[in-house]
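Colleague: What follows is query.txt, made up of compact mmCIF, C-alpha atoms and all ligand atoms:
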```txt
# COMPACT_ATOMS: atom_id res chain seq x y z
CA MET A 1 -170.74 27.77 136.19
CA ARG A 2 -169.70 28.55 139.74
CA GLU A 3 -166.17 27.76 140.90
CA ALA A 4 -167.31 26.12 144.16
CA GLU A 5 -169.65 23.80 142.26
CA LEU A 6 -166.91 22.89 139.76
CA ARG A 7 -164.51 22.06 142.56
CA ARG A 8 -167.10 19.95 144.35
CA ASP A 9 -167.72 17.97 141.14
CA LEU A 10 -163.99 17.55 140.53
CA GLY A 11 -163.54 16.11 144.04
CA ARG A 12 -166.57 13.83 143.60
CA LEU A 13 -166.08 12.66 140.01
CA GLY A 14 -162.29 12.83 139.55
CA PRO A 15 -160.71 14.47 136.45
CA GLN A 16 -162.08 11.95 133.91
CA GLY A 17 -165.62 11.98 135.29
CA PHE A 18 -165.48 15.76 135.41
CA LEU A 19 -164.51 15.98 131.73
CA GLU A 20 -167.34 13.61 130.78
CA LYS A 21 -169.91 15.62 132.70
CA TYR A 22 -168.82 19.09 131.53
CA LEU A 23 -167.52 18.45 128.01
CA VAL A 24 -169.48 15.42 126.76
CA ASP A 25 -172.82 15.66 128.58
CA ALA A 26 -173.11 19.42 129.02
CA ASP A 27 -170.99 20.53 126.03
CA HIS A 28 -169.39 23.48 127.78
CA LEU A 29 -166.51 25.37 126.19
CA ILE A 30 -163.14 24.42 127.69
CA ARG A 31 -162.11 28.07 127.90
CA ASP A 32 -165.27 28.84 129.91
CA ILE A 33 -164.42 26.09 132.40
CA LEU A 34 -160.86 27.37 132.77
CA HIS A 35 -162.21 30.89 133.19
CA ALA A 36 -164.67 29.73 135.90
CA PHE A 37 -161.76 28.14 137.77
CA GLY A 38 -159.99 31.51 137.66
CA VAL A 39 -157.32 30.53 135.13
CA LYS A 40 -156.35 33.64 133.17
CA LEU A 41 -155.74 33.21 129.44
CA PRO A 42 -154.09 36.01 127.43
CA PRO A 43 -156.63 38.05 125.37
CA ASP A 44 -155.31 36.93 121.95
CA PHE A 45 -156.15 33.35 122.94
CA ASP A 46 -159.70 34.20 121.70
CA LYS A 47 -158.53 33.22 118.26
CA VAL A 48 -157.29 29.78 119.35
CA GLN A 49 -159.61 26.81 118.69
CA ASP A 50 -161.26 25.64 121.91
CA ILE A 51 -160.06 22.02 121.62
CA ASN A 52 -156.45 23.24 121.88
CA PHE A 53 -157.08 24.05 125.54
CA LEU A 54 -157.88 20.44 126.40
CA SER A 55 -154.39 19.45 127.55
CA LEU A 56 -154.17 22.61 129.68
CA LEU A 57 -157.49 21.72 131.31
CA ARG A 58 -156.36 18.13 131.90
CA ILE A 59 -153.14 19.29 133.60
CA TYR A 60 -155.07 21.83 135.67
CA LEU A 61 -157.68 19.26 136.80
CA ALA A 62 -155.02 16.67 137.68
CA ARG A 63 -153.10 19.23 139.73
CA GLU A 64 -156.18 20.51 141.55
CA PHE A 65 -157.46 16.99 142.21
CA ASN A 66 -154.14 15.92 143.73
CA LYS A 67 -153.72 19.02 145.89
CA ARG A 68 -153.10 18.31 149.53
CA GLU A 69 -155.85 19.06 152.03
CA LYS A 70 -155.26 21.13 155.13
CA LEU A 71 -154.44 19.05 158.17
CA SER A 72 -157.20 19.09 160.75
CA HIS A 73 -154.76 19.47 163.67
CA VAL A 74 -152.80 22.45 162.27
CA ILE A 75 -155.15 25.41 162.00
CA THR A 76 -154.13 28.13 164.45
CA PHE A 77 -150.96 29.91 165.60
CA ASP A 78 -151.03 27.73 168.73
CA ASP A 79 -151.14 24.61 166.53
CA VAL A 80 -148.05 25.88 164.72
CA VAL A 81 -146.34 26.35 168.08
CA THR A 82 -147.23 22.76 168.99
CA VAL A 83 -145.94 21.19 165.76
CA LEU A 84 -142.80 23.34 165.91
CA GLY A 85 -142.14 22.25 169.49
CA GLN A 86 -142.56 18.59 168.51
CA ALA A 87 -140.69 18.72 165.18
CA ARG A 88 -137.42 16.82 164.77
CA LYS A 89 -136.67 17.39 161.09
CA VAL A 90 -137.65 20.78 159.74
CA ILE A 91 -137.26 21.87 156.13
CA VAL A 92 -137.05 25.66 155.82
CA ILE A 93 -137.57 27.22 152.39
CA THR A 94 -136.47 30.84 152.22
CA GLY A 95 -136.56 33.75 149.80
CA ALA A 96 -135.58 37.39 149.52
CA GLY A 97 -138.09 38.44 152.22
CA ILE A 98 -135.81 37.17 155.00
CA SER A 99 -133.12 39.71 154.06
CA THR A 100 -135.22 42.85 153.42
CA SER A 101 -134.96 43.98 157.05
CA LEU A 102 -131.20 44.27 156.40
CA GLY A 103 -131.84 46.75 153.58
CA ILE A 104 -131.51 44.24 150.73
CA PRO A 105 -134.41 44.62 148.30
CA ASP A 106 -136.52 41.62 147.30
CA PHE A 107 -137.49 41.02 143.67
CA ARG A 108 -141.24 41.25 143.17
CA SER A 109 -142.53 43.66 145.85
CA GLU A 110 -143.67 47.13 144.80
CA ASN A 111 -140.19 48.59 145.22
CA GLY A 112 -138.34 45.36 144.59
CA ILE A 113 -135.47 44.88 142.15
CA TYR A 114 -137.74 44.03 139.23
CA SER A 115 -139.60 47.34 139.55
CA ARG A 116 -136.41 49.34 139.02
CA LEU A 117 -135.07 48.10 135.73
CA GLU A 118 -136.87 50.43 133.31
CA LYS A 119 -133.71 52.06 131.99
CA TYR A 120 -132.42 48.73 130.70
CA HIS A 121 -135.45 48.23 128.41
CA LEU A 122 -135.71 44.53 129.15
CA SER A 123 -138.72 42.70 127.77
CA ASP A 124 -139.00 40.82 131.09
CA PRO A 125 -137.27 41.96 134.31
CA GLN A 126 -136.07 38.41 134.89
CA GLU A 127 -133.74 38.96 131.91
CA LEU A 128 -131.44 40.63 134.42
CA PHE A 129 -130.50 37.06 135.34
CA ASP A 130 -130.66 35.62 131.81
CA ILE A 131 -127.47 33.76 130.97
CA HIS A 132 -127.79 34.41 127.21
CA LEU A 133 -128.15 38.14 127.73
CA PHE A 134 -125.27 38.12 130.21
CA ARG A 135 -123.01 36.48 127.63
CA GLN A 136 -124.04 39.01 125.00
CA ASP A 137 -123.75 42.03 127.24
CA PRO A 138 -122.57 41.59 130.85
CA SER A 139 -122.66 45.37 131.40
CA ILE A 140 -126.43 45.37 132.11
CA PHE A 141 -126.11 42.89 134.95
CA TYR A 142 -123.01 44.56 136.34
CA ASP A 143 -124.46 48.03 136.15
CA PHE A 144 -127.28 46.93 138.40
CA CYS A 145 -125.22 44.47 140.40
CA LYS A 146 -123.61 47.19 142.53
CA GLU A 147 -126.78 47.01 144.64
CA LEU A 148 -126.61 43.27 145.05
CA VAL A 149 -123.03 42.88 146.20
CA PRO A 150 -123.15 41.48 149.72
CA GLU A 151 -121.92 43.77 152.42
CA ASP A 152 -121.24 42.96 156.01
CA ARG A 153 -124.72 43.73 157.32
CA GLY A 154 -125.03 40.94 159.85
CA TYR A 155 -128.12 38.77 159.65
CA SER A 156 -131.82 39.16 160.35
CA ALA A 157 -133.86 37.70 163.22
CA THR A 158 -135.21 35.19 160.70
CA HIS A 159 -131.70 33.99 159.80
CA ALA A 160 -131.05 33.73 163.55
CA PHE A 161 -134.27 31.76 164.06
CA ILE A 162 -133.14 29.20 161.47
CA ARG A 163 -129.82 29.04 163.28
CA VAL A 164 -131.72 28.30 166.50
CA LEU A 165 -133.36 25.34 164.73
CA GLN A 166 -129.90 24.14 163.74
CA ASP A 167 -128.52 24.58 167.25
CA ARG A 168 -131.42 22.57 168.63
CA GLY A 169 -130.59 19.78 166.19
CA ILE A 170 -133.93 19.96 164.37
CA LEU A 171 -132.96 21.70 161.12
CA LEU A 172 -133.08 19.02 158.45
CA ARG A 173 -132.18 21.49 155.68
CA GLN A 174 -132.53 25.10 154.65
CA TYR A 175 -133.33 25.53 150.96
CA THR A 176 -132.57 29.16 150.23
CA GLN A 177 -133.13 30.99 146.97
CA ASN A 178 -131.05 33.90 148.23
CA ILE A 179 -127.72 34.69 146.67
CA ASP A 180 -126.52 36.98 149.48
CA ASP A 181 -124.91 34.10 151.43
CA ILE A 182 -126.08 35.60 154.72
CA GLU A 183 -126.88 32.09 155.91
CA SER A 184 -123.12 31.52 156.19
CA THR A 185 -122.75 34.67 158.28
CA ALA A 186 -125.48 33.35 160.55
CA GLY A 187 -123.52 30.13 160.90
CA ILE A 188 -125.75 27.71 159.01
CA LEU A 189 -123.49 24.74 158.28
CA ASP A 190 -122.69 23.80 154.69
CA ASP A 191 -124.36 20.42 154.99
CA LYS A 192 -127.55 21.99 156.34
CA LEU A 193 -127.80 24.51 153.53
CA ILE A 194 -128.74 24.25 149.88
CA GLN A 195 -128.18 27.54 148.05
CA CYS A 196 -130.61 26.67 145.28
CA HIS A 197 -129.69 29.63 143.06
CA GLY A 198 -126.00 29.67 143.94
CA SER A 199 -124.45 32.70 145.60
CA PHE A 200 -121.83 35.43 145.48
CA LYS A 201 -119.54 33.25 147.59
CA THR A 202 -117.50 32.25 144.51
CA ALA A 203 -117.14 33.52 140.94
CA THR A 204 -116.03 31.77 137.76
CA CYS A 205 -114.42 32.98 134.54
CA LEU A 206 -116.72 32.36 131.58
CA THR A 207 -113.73 31.55 129.37
CA CYS A 208 -111.20 29.49 131.35
CA HIS A 209 -113.68 28.42 134.09
CA ARG A 210 -111.20 29.22 136.86
CA GLN A 211 -113.03 29.83 140.13
CA SER A 212 -112.12 32.52 142.68
CA PRO A 213 -113.58 33.60 146.00
CA GLY A 214 -116.48 35.94 145.28
CA HIS A 215 -115.05 38.85 147.30
CA VAL A 216 -112.16 39.16 144.81
CA ILE A 217 -114.52 40.71 142.25
CA PHE A 218 -116.53 42.91 144.64
CA PRO A 219 -114.27 46.03 144.34
CA GLU A 220 -114.52 45.96 140.51
CA ILE A 221 -118.30 45.60 140.64
CA LYS A 222 -118.66 48.41 143.16
CA ALA A 223 -116.44 50.64 141.00
CA GLY A 224 -118.87 50.10 138.12
CA ARG A 225 -116.50 47.93 136.06
CA ILE A 226 -116.99 44.48 134.61
CA PRO A 227 -114.74 42.12 136.57
CA LYS A 228 -112.28 40.26 134.36
CA CYS A 229 -110.24 37.11 134.86
CA GLN A 230 -106.60 38.10 135.42
CA THR A 231 -105.30 34.91 133.79
CA CYS A 232 -107.30 35.46 130.61
CA LEU A 233 -106.30 39.13 130.53
CA LYS A 234 -102.61 38.20 130.70
CA LEU A 235 -102.99 35.60 127.94
CA GLN A 236 -104.83 38.13 125.84
CA ASP A 237 -102.05 40.71 126.29
CA ASN A 238 -99.36 38.17 125.34
CA ALA A 239 -101.18 36.75 122.35
CA PRO A 240 -99.74 37.45 118.90
CA LYS A 241 -101.85 40.01 117.11
CA ARG A 242 -103.13 38.79 113.79
CA LYS A 243 -102.78 41.06 110.80
CA GLY A 244 -105.84 43.04 109.87
CA LYS A 245 -107.64 42.09 113.03
CA LYS A 246 -108.32 44.30 115.98
CA LYS A 247 -106.91 43.17 119.31
CA LEU A 248 -110.43 42.48 120.55
CA ASP A 249 -110.78 39.75 117.94
CA TRP A 250 -108.07 37.67 119.60
CA ASP A 251 -109.04 34.28 120.70
CA ASP A 252 -107.44 30.89 120.55
CA GLN A 253 -110.75 29.10 120.43
CA ASP A 254 -112.78 27.85 117.53
CA SER A 255 -115.84 29.94 118.16
CA ASP A 256 -115.65 33.60 117.28
CA SER A 257 -119.30 34.32 117.95
CA GLU A 258 -120.05 37.86 119.00
CA SER A 259 -121.38 36.86 122.40
CA GLU A 260 -118.23 34.87 123.17
CA MET A 261 -116.10 37.90 122.36
CA MET A 262 -118.26 40.15 124.52
CA SER A 263 -117.95 37.84 127.48
CA HIS A 264 -114.33 36.81 126.94
CA GLY A 265 -112.58 36.59 130.31
CA VAL A 266 -115.60 37.99 132.14
CA MET A 267 -116.02 36.77 135.69
CA LYS A 268 -119.55 35.73 136.67
CA PRO A 269 -120.64 35.26 140.27
CA ASP A 270 -121.71 31.65 140.78
CA ILE A 271 -125.38 32.57 140.82
CA THR A 272 -127.62 30.29 138.80
CA PHE A 273 -129.03 32.42 136.01
CA PHE A 274 -132.21 31.63 134.12
CA GLY A 275 -131.10 29.28 131.33
CA GLU A 276 -128.53 27.54 133.52
CA GLN A 277 -128.95 24.17 135.20
CA LEU A 278 -129.42 24.11 138.95
CA ASP A 279 -126.75 22.26 140.90
CA THR A 280 -127.71 18.54 140.94
CA LYS A 281 -127.20 18.71 144.71
CA PHE A 282 -130.64 20.37 144.98
CA LYS A 283 -132.55 17.56 143.29
CA ASP A 284 -130.70 14.74 145.03
CA GLN A 285 -131.12 16.33 148.45
CA ILE A 286 -134.81 17.24 148.20
CA LEU A 287 -135.75 13.76 146.98
CA GLN A 288 -134.13 12.38 150.12
CA ASP A 289 -135.33 15.09 152.52
CA ARG A 290 -138.97 14.93 151.43
CA ASN A 291 -139.21 11.48 152.98
CA GLU A 292 -137.65 12.53 156.28
CA ALA A 293 -139.12 15.95 157.06
CA ASP A 294 -141.80 16.35 159.70
CA LEU A 295 -142.45 20.08 159.19
CA VAL A 296 -142.06 22.60 156.36
CA LEU A 297 -141.61 26.31 157.06
CA CYS A 298 -141.70 28.50 154.00
CA ILE A 299 -140.48 32.04 154.76
CA GLY A 300 -140.27 35.31 152.79
CA THR A 301 -140.74 34.02 149.26
CA SER A 302 -143.35 34.53 146.56
CA LEU A 303 -142.78 30.93 145.40
CA ARG A 304 -142.71 32.05 141.78
CA VAL A 305 -139.57 30.32 140.56
CA ALA A 306 -139.28 26.58 139.93
CA PRO A 307 -137.99 24.19 141.08
CA VAL A 308 -137.94 25.63 144.62
CA ALA A 309 -141.57 26.66 144.16
CA GLU A 310 -142.41 22.98 143.64
CA ILE A 311 -141.08 21.81 147.02
CA PRO A 312 -144.33 22.32 149.00
CA ASN A 313 -146.31 20.27 146.48
CA MET A 314 -143.65 17.53 146.48
CA MET A 315 -143.96 16.84 150.19
CA PRO A 316 -145.99 13.93 151.59
CA LYS A 317 -149.45 15.30 152.34
CA SER A 318 -149.26 14.45 156.05
CA VAL A 319 -146.33 16.81 156.71
CA PRO A 320 -147.54 20.12 158.20
CA GLN A 321 -146.73 23.17 156.09
CA VAL A 322 -146.57 26.74 157.38
CA PHE A 323 -146.17 29.86 155.23
CA ILE A 324 -144.68 33.04 156.71
CA SER A 325 -144.55 36.13 154.52
CA ARG A 326 -146.06 39.54 153.92
CA GLU A 327 -148.37 38.39 151.14
CA PRO A 328 -150.43 35.21 150.96
CA ALA A 329 -149.14 32.24 148.99
CA GLY A 330 -150.53 31.66 145.48
CA LYS A 331 -153.74 29.73 144.87
CA GLU A 332 -151.78 26.69 143.72
CA TYR A 333 -150.61 26.07 147.29
CA VAL A 334 -152.37 24.69 150.33
CA PHE A 335 -150.48 25.63 153.47
CA ASP A 336 -152.02 24.57 156.74
CA VAL A 337 -151.43 27.99 158.27
CA GLU A 338 -150.32 31.28 156.71
CA LEU A 339 -148.78 33.68 159.23
CA LEU A 340 -148.77 36.97 157.35
CA GLY A 341 -146.58 39.87 158.41
CA ALA A 342 -142.94 40.84 158.79
CA CYS A 343 -141.14 37.51 159.12
CA ASP A 344 -138.71 38.76 161.80
CA GLU A 345 -141.68 39.60 163.98
CA VAL A 346 -143.52 36.34 163.27
CA VAL A 347 -140.50 34.18 164.10
CA ARG A 348 -139.92 36.17 167.30
CA GLN A 349 -143.50 35.39 168.35
CA LEU A 350 -143.03 31.73 167.50
CA ALA A 351 -139.71 31.55 169.35
CA HIS A 352 -141.31 33.21 172.37
CA ALA A 353 -144.25 30.79 172.38
CA VAL A 354 -142.02 27.72 172.01
CA GLY A 355 -139.60 28.96 174.70
CA TRP A 356 -136.60 29.79 172.50
CA SER A 357 -136.56 33.56 172.99
CA ALA A 358 -133.31 33.68 174.95
CA ALA A 359 -131.38 31.70 172.31
CA LEU A 360 -132.85 33.83 169.54
CA ASP A 361 -132.14 37.14 171.32
CA ASP A 362 -128.52 36.15 171.96
CA LEU A 363 -127.98 35.31 168.30
CA VAL A 364 -129.69 38.50 167.12
CA LYS A 365 -127.49 40.57 169.46
CA LEU A 366 -124.35 38.92 168.10
CA GLY A 367 -125.48 39.49 164.53
CA LYS A 368 -125.95 43.21 165.16
CA SER A 369 -122.83 43.92 167.19
CA THR A 370 -120.01 42.25 165.32
CA PRO A 371 -121.42 40.62 162.23
CA ALA A 372 -118.11 39.34 160.90
CA VAL A 373 -117.40 37.25 163.94
CA ALA A 374 -120.97 36.48 164.90
CA ALA A 375 -121.09 33.23 163.01
CA GLN A 376 -118.01 31.98 164.78
CA LYS A 377 -119.04 33.14 168.25
CA SER A 378 -122.62 32.01 167.98
CA SER A 379 -121.47 28.40 167.98
CA GLU A 380 -120.96 28.95 171.71
CA VAL A 381 -124.54 30.16 172.21
CA LYS A 382 -127.11 27.49 172.86
P1 LIG B 401 -139.70 37.68 145.73
O1 LIG B 401 -139.34 39.10 145.68
O2 LIG B 401 -140.38 37.10 144.54
O3 LIG B 401 -140.63 37.39 146.99
C1 LIG B 401 -140.29 37.84 148.27
C2 LIG B 401 -141.53 37.76 149.13
O4 LIG B 401 -141.17 38.10 150.45
C3 LIG B 401 -142.63 38.72 148.69
O5 LIG B 401 -143.85 38.03 148.58
C4 LIG B 401 -142.68 39.77 149.81
O6 LIG B 401 -144.00 40.17 150.11
C5 LIG B 401 -142.12 38.99 150.98
N1 LIG B 401 -141.39 39.85 151.93
C6 LIG B 401 -140.55 40.88 151.68
N2 LIG B 401 -140.04 41.37 152.82
C7 LIG B 401 -140.59 40.65 153.83
C8 LIG B 401 -140.47 40.68 155.24
N3 LIG B 401 -139.67 41.54 155.88
N4 LIG B 401 -141.21 39.78 155.96
C9 LIG B 401 -142.02 38.90 155.35
N5 LIG B 401 -142.16 38.81 154.01
C10 LIG B 401 -141.45 39.68 153.25
O7 LIG B 401 -138.36 36.88 146.07
P2 LIG B 401 -138.10 35.32 145.98
O8 LIG B 401 -139.31 34.54 146.22
O9 LIG B 401 -136.91 35.04 146.80
O10 LIG B 401 -133.67 34.46 141.29
O11 LIG B 401 -137.69 35.18 144.44
C11 LIG B 401 -137.27 33.95 143.90
C12 LIG B 401 -136.22 34.14 142.85
O12 LIG B 401 -136.68 35.07 141.87
C13 LIG B 401 -134.93 34.76 143.35
O13 LIG B 401 -134.06 33.80 143.89
C14 LIG B 401 -134.35 35.41 142.13
C15 LIG B 401 -135.59 35.90 141.43
O14 LIG B 401 -135.55 35.84 140.06
C16 LIG B 401 -132.32 34.60 141.11
O15 LIG B 401 -131.66 35.36 141.75
C17 LIG B 401 -131.71 33.73 140.09
```
For the structure just supplied, provide its representation as structure tokens.
Ligand code: OAD
Modeller:
Amino acid sequence: MREAELRRDLGRLGPQGFLEKYLVDADHLIRDILHAFGVKLPPDFDKVQDINFLSLLRIYLAREFNKREKLSHVITFDDVVTVLGQARKVIVITGAGISTSLGIPDFRSENGIYSRLEKYHLSDPQELFDIHLFRQDPSIFYDFCKELVPEDRGYSATHAFIRVLQDRGILLRQYTQNIDDIESTAGILDDKLIQCHGSFKTATCLTCHRQSPGHVIFPEIKAGRIPKCQTCLKLQDNAPKRKGKKKLDWDDQDSDSESEMMSHGVMKPDITFFGEQLDTKFKDQILQDRNEADLVLCIGTSLRVAPVAEIPNMMPKSVPQVFISREPAGKEYVFDVELLGACDEVVRQLAHAVGWSAALDDLVKLGKSTPAVAAQKSSEVK
């Protein structure tokens, strides 16, 4: 079975007709079909009965069959320049790649954050952001977190480019997965920005749920300590000590589970960890924006984490989609054009071609010279 032939038949026959041809008439093994499509199954799946793969194949066929097709008028860099120049409502999806030029590592590149966690013996690097593990032992996250604490580094040319879209009145929304909050430094307005995974902007006590500005806990994190809620600490100090119990056992709550004790009074940056619900703002906003957008720019992300990774496939098929990153997008996506390279360079070329170079250069200069005031001043730059 050749992949190209399978895909042609899927397009021609639809998922049901495809199943009839390949499973009923030709009696192929489901795992062989999945394999021919390039779907990788773990080796120990050999022992699983073939029929158990049927629902996986159905889902795969439905997804492939409904995939968008590339638009015939958006093929080249010049086409991207044209649609960008004409766009009125742009959705920008961003990831860690837009901040790497500022010295902030991304997650999944060769030297990214997830490649440097060996000493913590995690079964999956993403456990660094696992809420259950954090509650059991916040020291792992905080030990590594020193590297993630935002510093005043200004913003990248890509952040500035998105700001140019805003200044021109054509930024519908930026959906960022980044927790560094550099978008705020670049002056992206709150109502134009969805921080899909939260950010370091604020922090909340796991016990009393009091929220503080994020910067309050930065000195503790940088000093290698676990930041604690001052209110909970005071209460803990004033609490009567029960006989026969160590001070650490104090709590005035019903639950005395070990993880609750470990995380008692611990401050957590308001980043959305795996295992936590995303802010409902994300879902409400994207369901509205998908019907309004006339261009999607996806920049500096591997698109590996849902639900942000689902945005491109949620958009109406007629909306042009452009992917800008170092590595190509996964096979499950169909972008009209992929502009591969350093995103700062790509957006500079785009800005130049559309005629926005001066605005971009001014913003970039401000970001480099006096980052702290750049956001404020750049409101004067048009
Ligand atoms: P990844 O590290 O998965 O992907 C970043 C992508 O950007 C990679 O494909 C890089 O090749 C590319 N890249 C890096 N530097 C670049 C540059 N200068 N120019 C162009 N491309 C560049 O990061 P994300 O996709 O953001 O979750 O990861 C998504 C989520 O996974 C994160 O939000 C994080 C993580 O688990 C949380 O923090 C909760």
Colleague: Hey, which residues sit close to ligand LIG 401 (chain B)? Say within 9 Å, counting all atoms listed in the file, and write them as a PyMOL selection string.
Modeller: chain A and resi 94-102+105-110+112-114+125-130+158+176-179+196-199+271-274+299-306+308-309+324-329+340-346
Colleague: With distances taken over all atoms listed in the file, which of A:Val92, A:Ile286, A:Leu34, A:Val83 is nearest to Asp50 (chain A)?
Modeller: A:Leu34
Colleague: CA of Ala26 (chain A) and CA of Ile51 (chain A), how far apart in Å?
Modeller: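 According to the coordinates, CA of Ile51 (chain A) and CA of Ala26 (chain A) are separated by 15.2 Å.
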Colleague: For the atom pair CA of Ile59 (chain A) and CA of Asp294 (chain A), what is the interatomic distance in Å to one decimal place?
Modeller: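 Going from CA of Ile59 (chain A) over to CA of Asp294 (chain A) covers 28.6 Å.
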Colleague: Of the candidates A:Lys146, A:Arg88, A:His215, A:Lys47, which shows the shortest atom-to-atom distance to Gln166 (chain A), using only C-alpha atoms?
Modeller: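 Among A:Lys146, A:Arg88, A:His215, A:Lys47, it is A:Arg88 that comes nearest to Gln166 (chain A).
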Colleague: May I have the residues within 9 Å of Arg210 (chain A) as a VMD selection string, using all atoms listed in the file and disregarding those fewer than 4 positions away in the same chain?
Modeller: chain A and resid 203 to 206 229 231
Colleague: What gap, in Å, lies between CA of Phe77 (chain A) and CA of Lys317 (chain A)?
Modeller: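 Calculated distance between CA of Phe77 (chain A) and CA of Lys317 (chain A) is 19.8 Å.
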Colleague: Hey, which of A:Lys119, A:Arg168, A:Lys281, A:Arg63 ends up closest to Trp356 (chain A)? Count only C-alpha atoms.
Modeller: A:Arg168
Colleague: Find, counting only C-alpha atoms, the residue in A:Gly154, A:Leu233, A:Gly169, A:Lys268 that gets nearest to Ala87 (chain A).
Modeller: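 For Ala87 (chain A), the nearest of the candidates is A:Gly169.
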Colleague: Identify which of the residues A:Ile91, A:Val149, A:Leu339, A:Val164 lies closest to Arg290 (chain A), counting all atoms listed in the file when measuring atom-to-atom distances.
Modeller: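 Of the candidates, the smallest distance to Arg290 (chain A) is held by A:Ile91.
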